[in-house]
Amino acid sequence: MEKTSSAPVMRISDAGSHVGQTVKIQGWLYNHRSSGKIRFLELRDGSAMTIQAVVANGTADAESFALSAELTQESSVKVIGLVKAHPKKPGVYELDVHNIELVQKAELNYPISHKEHGPEHLMQHRHLWLRTPRQVAIARVRASIVKSIRDFFDSRDFILMDAPILTPSACEGTSNLFKTDYFDEEAFLT
């Protein structure tokens with residue numbers, strides 16, 4: 001049974017407009033640390049920001065406090081809590097946690113940690129690497145640039161045409177190929 005359904009869902013990027021309100025955040029555990037009877041969960045929801053969720057023994061229900069110690073990096077969670085402005089950092093917000101619902105616990109040995117990894121390791125786990133803050137930021141910049149270019153051309157009644165791609169060899173399963181010379185080498189349109 002879902003315990004976190006009573007509060008409105010908030011995107012982390014909108015925290016500033018929800019100060020003093022009890023909200024629900026649906027996202028993933030990015031990082032965590034503990035200081036005795038207080039646990040700090042850094043949550044992300046895909047909105048380009050993270051929020052620190054403070055899980056205190058007594059403020060959060062006992063089940064949620066116990067669960068917060070067992071969460072692994074990239075576990076999917078729904079968290080209800082009170083949004084507060086950070087006491088020392090203007091423009092930064094925290095969530096005083098009342099309840100945590102585990103949606104899916106991530107494997108303990110998540111292959112992309114917060115330490116530096118070599119390119120080979122990152123490419124072997126590309127589907128996970130793309131979820132890191134740096135890669136998400138790069139994707140957002142690229143998406144913004146592509147949107148601006150599309151808006152520019154759309155406003156001038158241009159039509160998008162997806163041209164064939166040149167490849168150095170025949171693609172698997174293709175029977176009719178258009179062969180062309182490309183810088184003195186044989187290439188195929190796909």
# chains A, B, ... in the order shown; residues from 1 in each chain; ligands from 1
>>> residues_around(residues="region 20-24 of chain A", least_positions_apart="3", cutoff="10 Å", atoms="only C-alpha atoms", output="PDB file with N, CA and C atoms, in the first residue's frame")
ATOM      1  N   THR A   4       2.605   7.393   0.758  1.00  0.00           N
ATOM      2  CA  THR A   4       2.996   8.783   0.494  1.00  0.00           C
ATOM      3  C   THR A   4       2.049   9.498  -0.454  1.00  0.00           C
ATOM      4  N   SER A   5       0.791   9.086  -0.513  1.00  0.00           N
ATOM      5  CA  SER A   5      -0.112   9.661  -1.506  1.00  0.00           C
ATOM      6  C   SER A   5      -0.792  10.955  -1.063  1.00  0.00           C
ATOM      7  N   SER A   6      -0.714  11.331   0.201  1.00  0.00           N
ATOM      8  CA  SER A   6      -1.493  12.466   0.699  1.00  0.00           C
ATOM      9  C   SER A   6      -0.913  13.844   0.381  1.00  0.00           C
ATOM     10  N   ALA A   7       0.341  13.956   0.071  1.00  0.00           N
ATOM     11  CA  ALA A   7       0.968  15.262  -0.178  1.00  0.00           C
ATOM     12  C   ALA A   7       1.090  15.517  -1.677  1.00  0.00           C
ATOM     13  N   PRO A   8       1.055  16.792  -2.100  1.00  0.00           N
ATOM     14  CA  PRO A   8       1.233  17.093  -3.527  1.00  0.00           C
ATOM     15  C   PRO A   8       2.667  16.815  -3.975  1.00  0.00           C
ATOM     16  N   VAL A   9       2.801  16.330  -5.201  1.00  0.00           N
ATOM     17  CA  VAL A   9       4.125  16.035  -5.759  1.00  0.00           C
ATOM     18  C   VAL A   9       4.805  17.344  -6.144  1.00  0.00           C
ATOM     19  N   MET A  10       6.078  17.481  -5.778  1.00  0.00           N
ATOM     20  CA  MET A  10       6.863  18.679  -6.086  1.00  0.00           C
ATOM     21  C   MET A  10       8.122  18.276  -6.830  1.00  0.00           C
ATOM     22  N   ARG A  11       8.478  19.042  -7.851  1.00  0.00           N
ATOM     23  CA  ARG A  11       9.780  18.881  -8.501  1.00  0.00           C
ATOM     24  C   ARG A  11      10.802  19.603  -7.629  1.00  0.00           C
ATOM     25  N   ILE A  12      11.993  19.062  -7.511  1.00  0.00           N
ATOM     26  CA  ILE A  12      13.026  19.671  -6.669  1.00  0.00           C
ATOM     27  C   ILE A  12      13.348  21.084  -7.129  1.00  0.00           C
ATOM     28  N   ALA A  15      11.349  23.877  -5.365  1.00  0.00           N
ATOM     29  CA  ALA A  15      11.344  23.911  -3.897  1.00  0.00           C
ATOM     30  C   ALA A  15      11.151  25.317  -3.338  1.00  0.00           C
ATOM     31  N   GLY A  16      11.724  26.317  -3.974  1.00  0.00           N
ATOM     32  CA  GLY A  16      11.625  27.691  -3.481  1.00  0.00           C
ATOM     33  C   GLY A  16      10.205  28.199  -3.363  1.00  0.00           C
ATOM     34  N   SER A  17       9.308  27.697  -4.187  1.00  0.00           N
ATOM     35  CA  SER A  17       7.914  28.151  -4.123  1.00  0.00           C
ATOM     36  C   SER A  17       7.055  27.278  -3.211  1.00  0.00           C
ATOM     37  N   GLY A  27      11.875  10.403  -6.587  1.00  0.00           N
ATOM     38  CA  GLY A  27      13.171  10.479  -7.248  1.00  0.00           C
ATOM     39  C   GLY A  27      14.091   9.344  -6.855  1.00  0.00           C
ATOM     40  N   LYS A  78       9.950   7.561  -2.754  1.00  0.00           N
ATOM     41  CA  LYS A  78       8.961   8.633  -2.629  1.00  0.00           C
ATOM     42  C   LYS A  78       9.117   9.142  -1.203  1.00  0.00           C
ATOM     43  N   VAL A  79       9.328  10.436  -1.068  1.00  0.00           N
ATOM     44  CA  VAL A  79       9.616  11.013   0.246  1.00  0.00           C
ATOM     45  C   VAL A  79       8.641  12.149   0.523  1.00  0.00           C
ATOM     46  N   ILE A  80       8.019  12.113   1.699  1.00  0.00           N
ATOM     47  CA  ILE A  80       7.154  13.213   2.133  1.00  0.00           C
ATOM     48  C   ILE A  80       7.884  13.969   3.225  1.00  0.00           C
ATOM     49  N   GLY A  81       7.831  15.293   3.130  1.00  0.00           N
ATOM     50  CA  GLY A  81       8.466  16.110   4.155  1.00  0.00           C
ATOM     51  C   GLY A  81       8.114  17.577   4.006  1.00  0.00           C
ATOM     52  N   LEU A  82       8.595  18.354   4.943  1.00  0.00           N
ATOM     53  CA  LEU A  82       8.360  19.792   4.988  1.00  0.00           C
ATOM     54  C   LEU A  82       9.528  20.515   4.331  1.00  0.00           C
ATOM     55  N   VAL A  83       9.239  21.367   3.355  1.00  0.00           N
ATOM     56  CA  VAL A  83      10.280  22.127   2.659  1.00  0.00           C
ATOM     57  C   VAL A  83      10.688  23.308   3.526  1.00  0.00           C
ATOM     58  N   LYS A  84      12.001  23.444   3.728  1.00  0.00           N
ATOM     59  CA  LYS A  84      12.547  24.555   4.517  1.00  0.00           C
ATOM     60  C   LYS A  84      13.695  25.200   3.756  1.00  0.00           C
ATOM     61  N   ALA A  85      13.875  26.492   3.972  1.00  0.00           N
ATOM     62  CA  ALA A  85      15.053  27.177   3.431  1.00  0.00           C
ATOM     63  C   ALA A  85      16.253  26.734   4.255  1.00  0.00           C
ATOM     64  N   LEU A  95      14.567  19.286   2.921  1.00  0.00           N
ATOM     65  CA  LEU A  95      13.303  18.615   3.173  1.00  0.00           C
ATOM     66  C   LEU A  95      13.411  17.906   4.515  1.00  0.00           C
ATOM     67  N   ASP A  96      12.590  18.314   5.499  1.00  0.00           N
ATOM     68  CA  ASP A  96      12.513  17.594   6.771  1.00  0.00           C
ATOM     69  C   ASP A  96      11.581  16.405   6.555  1.00  0.00           C
ATOM     70  N   VAL A  97      12.143  15.224   6.552  1.00  0.00           N
ATOM     71  CA  VAL A  97      11.417  14.017   6.147  1.00  0.00           C
ATOM     72  C   VAL A  97      10.472  13.529   7.239  1.00  0.00           C
ATOM     73  N   HIS A  98       9.237  13.210   6.804  1.00  0.00           N
ATOM     74  CA  HIS A  98       8.254  12.572   7.681  1.00  0.00           C
ATOM     75  C   HIS A  98       8.115  11.097   7.333  1.00  0.00           C
ATOM     76  N   ASN A  99       8.186  10.794   6.029  1.00  0.00           N
ATOM     77  CA  ASN A  99       7.939   9.435   5.577  1.00  0.00           C
ATOM     78  C   ASN A  99       8.739   9.131   4.315  1.00  0.00           C
ATOM     79  N   ILE A 100       9.243   7.894   4.226  1.00  0.00           N
ATOM     80  CA  ILE A 100       9.945   7.415   3.026  1.00  0.00           C
ATOM     81  C   ILE A 100       9.282   6.128   2.571  1.00  0.00           C
TER      82      ILE A 100
END
>>> closest_residue(among="A:Gln26, A:Ser35, A:Gln135, A:Ser68", to="Val103 (chain A)", atoms="only C-alpha atoms")
A:Gln26
>>> closest_residue(among="A:Trp28, A:Glu101, A:Ile149, A:Ala48", to="Asp61 (chain A)", atoms="only C-alpha atoms")
A:Glu101
>>> select_by_dssp(residues="region 48-167 of chain A", states="strand (DSSP E or B)", output="ChimeraX atom specification")
/A:50-57,60,76-85,93-104,166-167
>>> closest_residue(among="A:Lys37, A:Arg150, A:Arg44, A:Lys89", to="Thr132 (chain A)", atoms="only C-alpha atoms")
A:Arg44
>>> residues_around(residues="Val136 (chain A)", least_positions_apart="2", cutoff="12 Å", atoms="only C-alpha atoms", output="list in words")
Arg44, Asp45, Gly46, Ser47, Ala48, Met49, His127, Leu128, Trp129, Leu130, Arg131, Thr132, Pro133, Arg134, Ile138, Ala139, Arg140, Val141, Arg142 and Ala143 of chain A
>>> select_by_dssp(residues="region 7-180 of chain A", states="helix (DSSP H, G or I)", output="PyMOL selection string")
chain A and resi 12-18+62-70+119-124+126-129+133-154
>>> residues_around(residues="Ile51 (chain A)", least_positions_apart="5", cutoff="6 Å", atoms="only C-alpha atoms", output="ChimeraX atom specification")
/A:42-43,94
>>> decode(residues="region 72-117 of chain A", atoms="C-alpha atoms", output="PDB file, in the first residue's frame")
ATOM      1  CA  THR A  72      21.615   2.348  -1.639  1.00  0.00           C
ATOM      2  CA  GLN A  73      22.781   4.810  -4.288  1.00  0.00           C
ATOM      3  CA  GLU A  74      20.171   5.190  -7.076  1.00  0.00           C
ATOM      4  CA  SER A  75      17.369   3.547  -5.086  1.00  0.00           C
ATOM      5  CA  SER A  76      13.968   4.878  -6.204  1.00  0.00           C
ATOM      6  CA  VAL A  77      12.016   6.529  -3.411  1.00  0.00           C
ATOM      7  CA  LYS A  78       8.961   8.633  -2.629  1.00  0.00           C
ATOM      8  CA  VAL A  79       9.616  11.013   0.246  1.00  0.00           C
ATOM      9  CA  ILE A  80       7.154  13.213   2.133  1.00  0.00           C
ATOM     10  CA  GLY A  81       8.466  16.110   4.155  1.00  0.00           C
ATOM     11  CA  LEU A  82       8.360  19.792   4.988  1.00  0.00           C
ATOM     12  CA  VAL A  83      10.280  22.127   2.659  1.00  0.00           C
ATOM     13  CA  LYS A  84      12.547  24.555   4.517  1.00  0.00           C
ATOM     14  CA  ALA A  85      15.053  27.177   3.431  1.00  0.00           C
ATOM     15  CA  HIS A  86      18.606  26.134   4.312  1.00  0.00           C
ATOM     16  CA  PRO A  87      19.619  28.037   7.473  1.00  0.00           C
ATOM     17  CA  LYS A  88      23.052  29.062   6.145  1.00  0.00           C
ATOM     18  CA  LYS A  89      22.807  28.997   2.335  1.00  0.00           C
ATOM     19  CA  PRO A  90      20.445  31.430   0.579  1.00  0.00           C
ATOM     20  CA  GLY A  91      18.546  29.874  -2.334  1.00  0.00           C
ATOM     21  CA  VAL A  92      19.163  26.329  -1.064  1.00  0.00           C
ATOM     22  CA  TYR A  93      16.335  24.229   0.361  1.00  0.00           C
ATOM     23  CA  GLU A  94      16.028  21.138   2.541  1.00  0.00           C
ATOM     24  CA  LEU A  95      13.303  18.615   3.173  1.00  0.00           C
ATOM     25  CA  ASP A  96      12.513  17.594   6.771  1.00  0.00           C
ATOM     26  CA  VAL A  97      11.417  14.017   6.147  1.00  0.00           C
ATOM     27  CA  HIS A  98       8.254  12.572   7.681  1.00  0.00           C
ATOM     28  CA  ASN A  99       7.939   9.435   5.577  1.00  0.00           C
ATOM     29  CA  ILE A 100       9.945   7.415   3.026  1.00  0.00           C
ATOM     30  CA  GLU A 101       8.509   4.820   0.698  1.00  0.00           C
ATOM     31  CA  LEU A 102      10.950   2.563  -1.130  1.00  0.00           C
ATOM     32  CA  VAL A 103       9.887   2.057  -4.742  1.00  0.00           C
ATOM     33  CA  GLN A 104      12.914  -0.020  -5.792  1.00  0.00           C
ATOM     34  CA  LYS A 105      16.195  -0.661  -4.025  1.00  0.00           C
ATOM     35  CA  ALA A 106      19.230  -0.415  -6.307  1.00  0.00           C
ATOM     36  CA  GLU A 107      21.881  -3.110  -6.244  1.00  0.00           C
ATOM     37  CA  LEU A 108      24.513  -2.624  -3.576  1.00  0.00           C
ATOM     38  CA  ASN A 109      27.384  -2.627  -6.081  1.00  0.00           C
ATOM     39  CA  TYR A 110      26.124   0.181  -8.304  1.00  0.00           C
ATOM     40  CA  PRO A 111      28.921   0.486 -10.906  1.00  0.00           C
ATOM     41  CA  ILE A 112      29.039   4.303 -11.165  1.00  0.00           C
ATOM     42  CA  SER A 113      30.084   5.797  -7.833  1.00  0.00           C
ATOM     43  CA  HIS A 114      31.034   9.361  -6.924  1.00  0.00           C
ATOM     44  CA  LYS A 115      34.737   8.646  -7.457  1.00  0.00           C
ATOM     45  CA  GLU A 116      36.530   9.147 -10.771  1.00  0.00           C
ATOM     46  CA  HIS A 117      36.260   6.307 -13.294  1.00  0.00           C
TER      47      HIS A 117
END
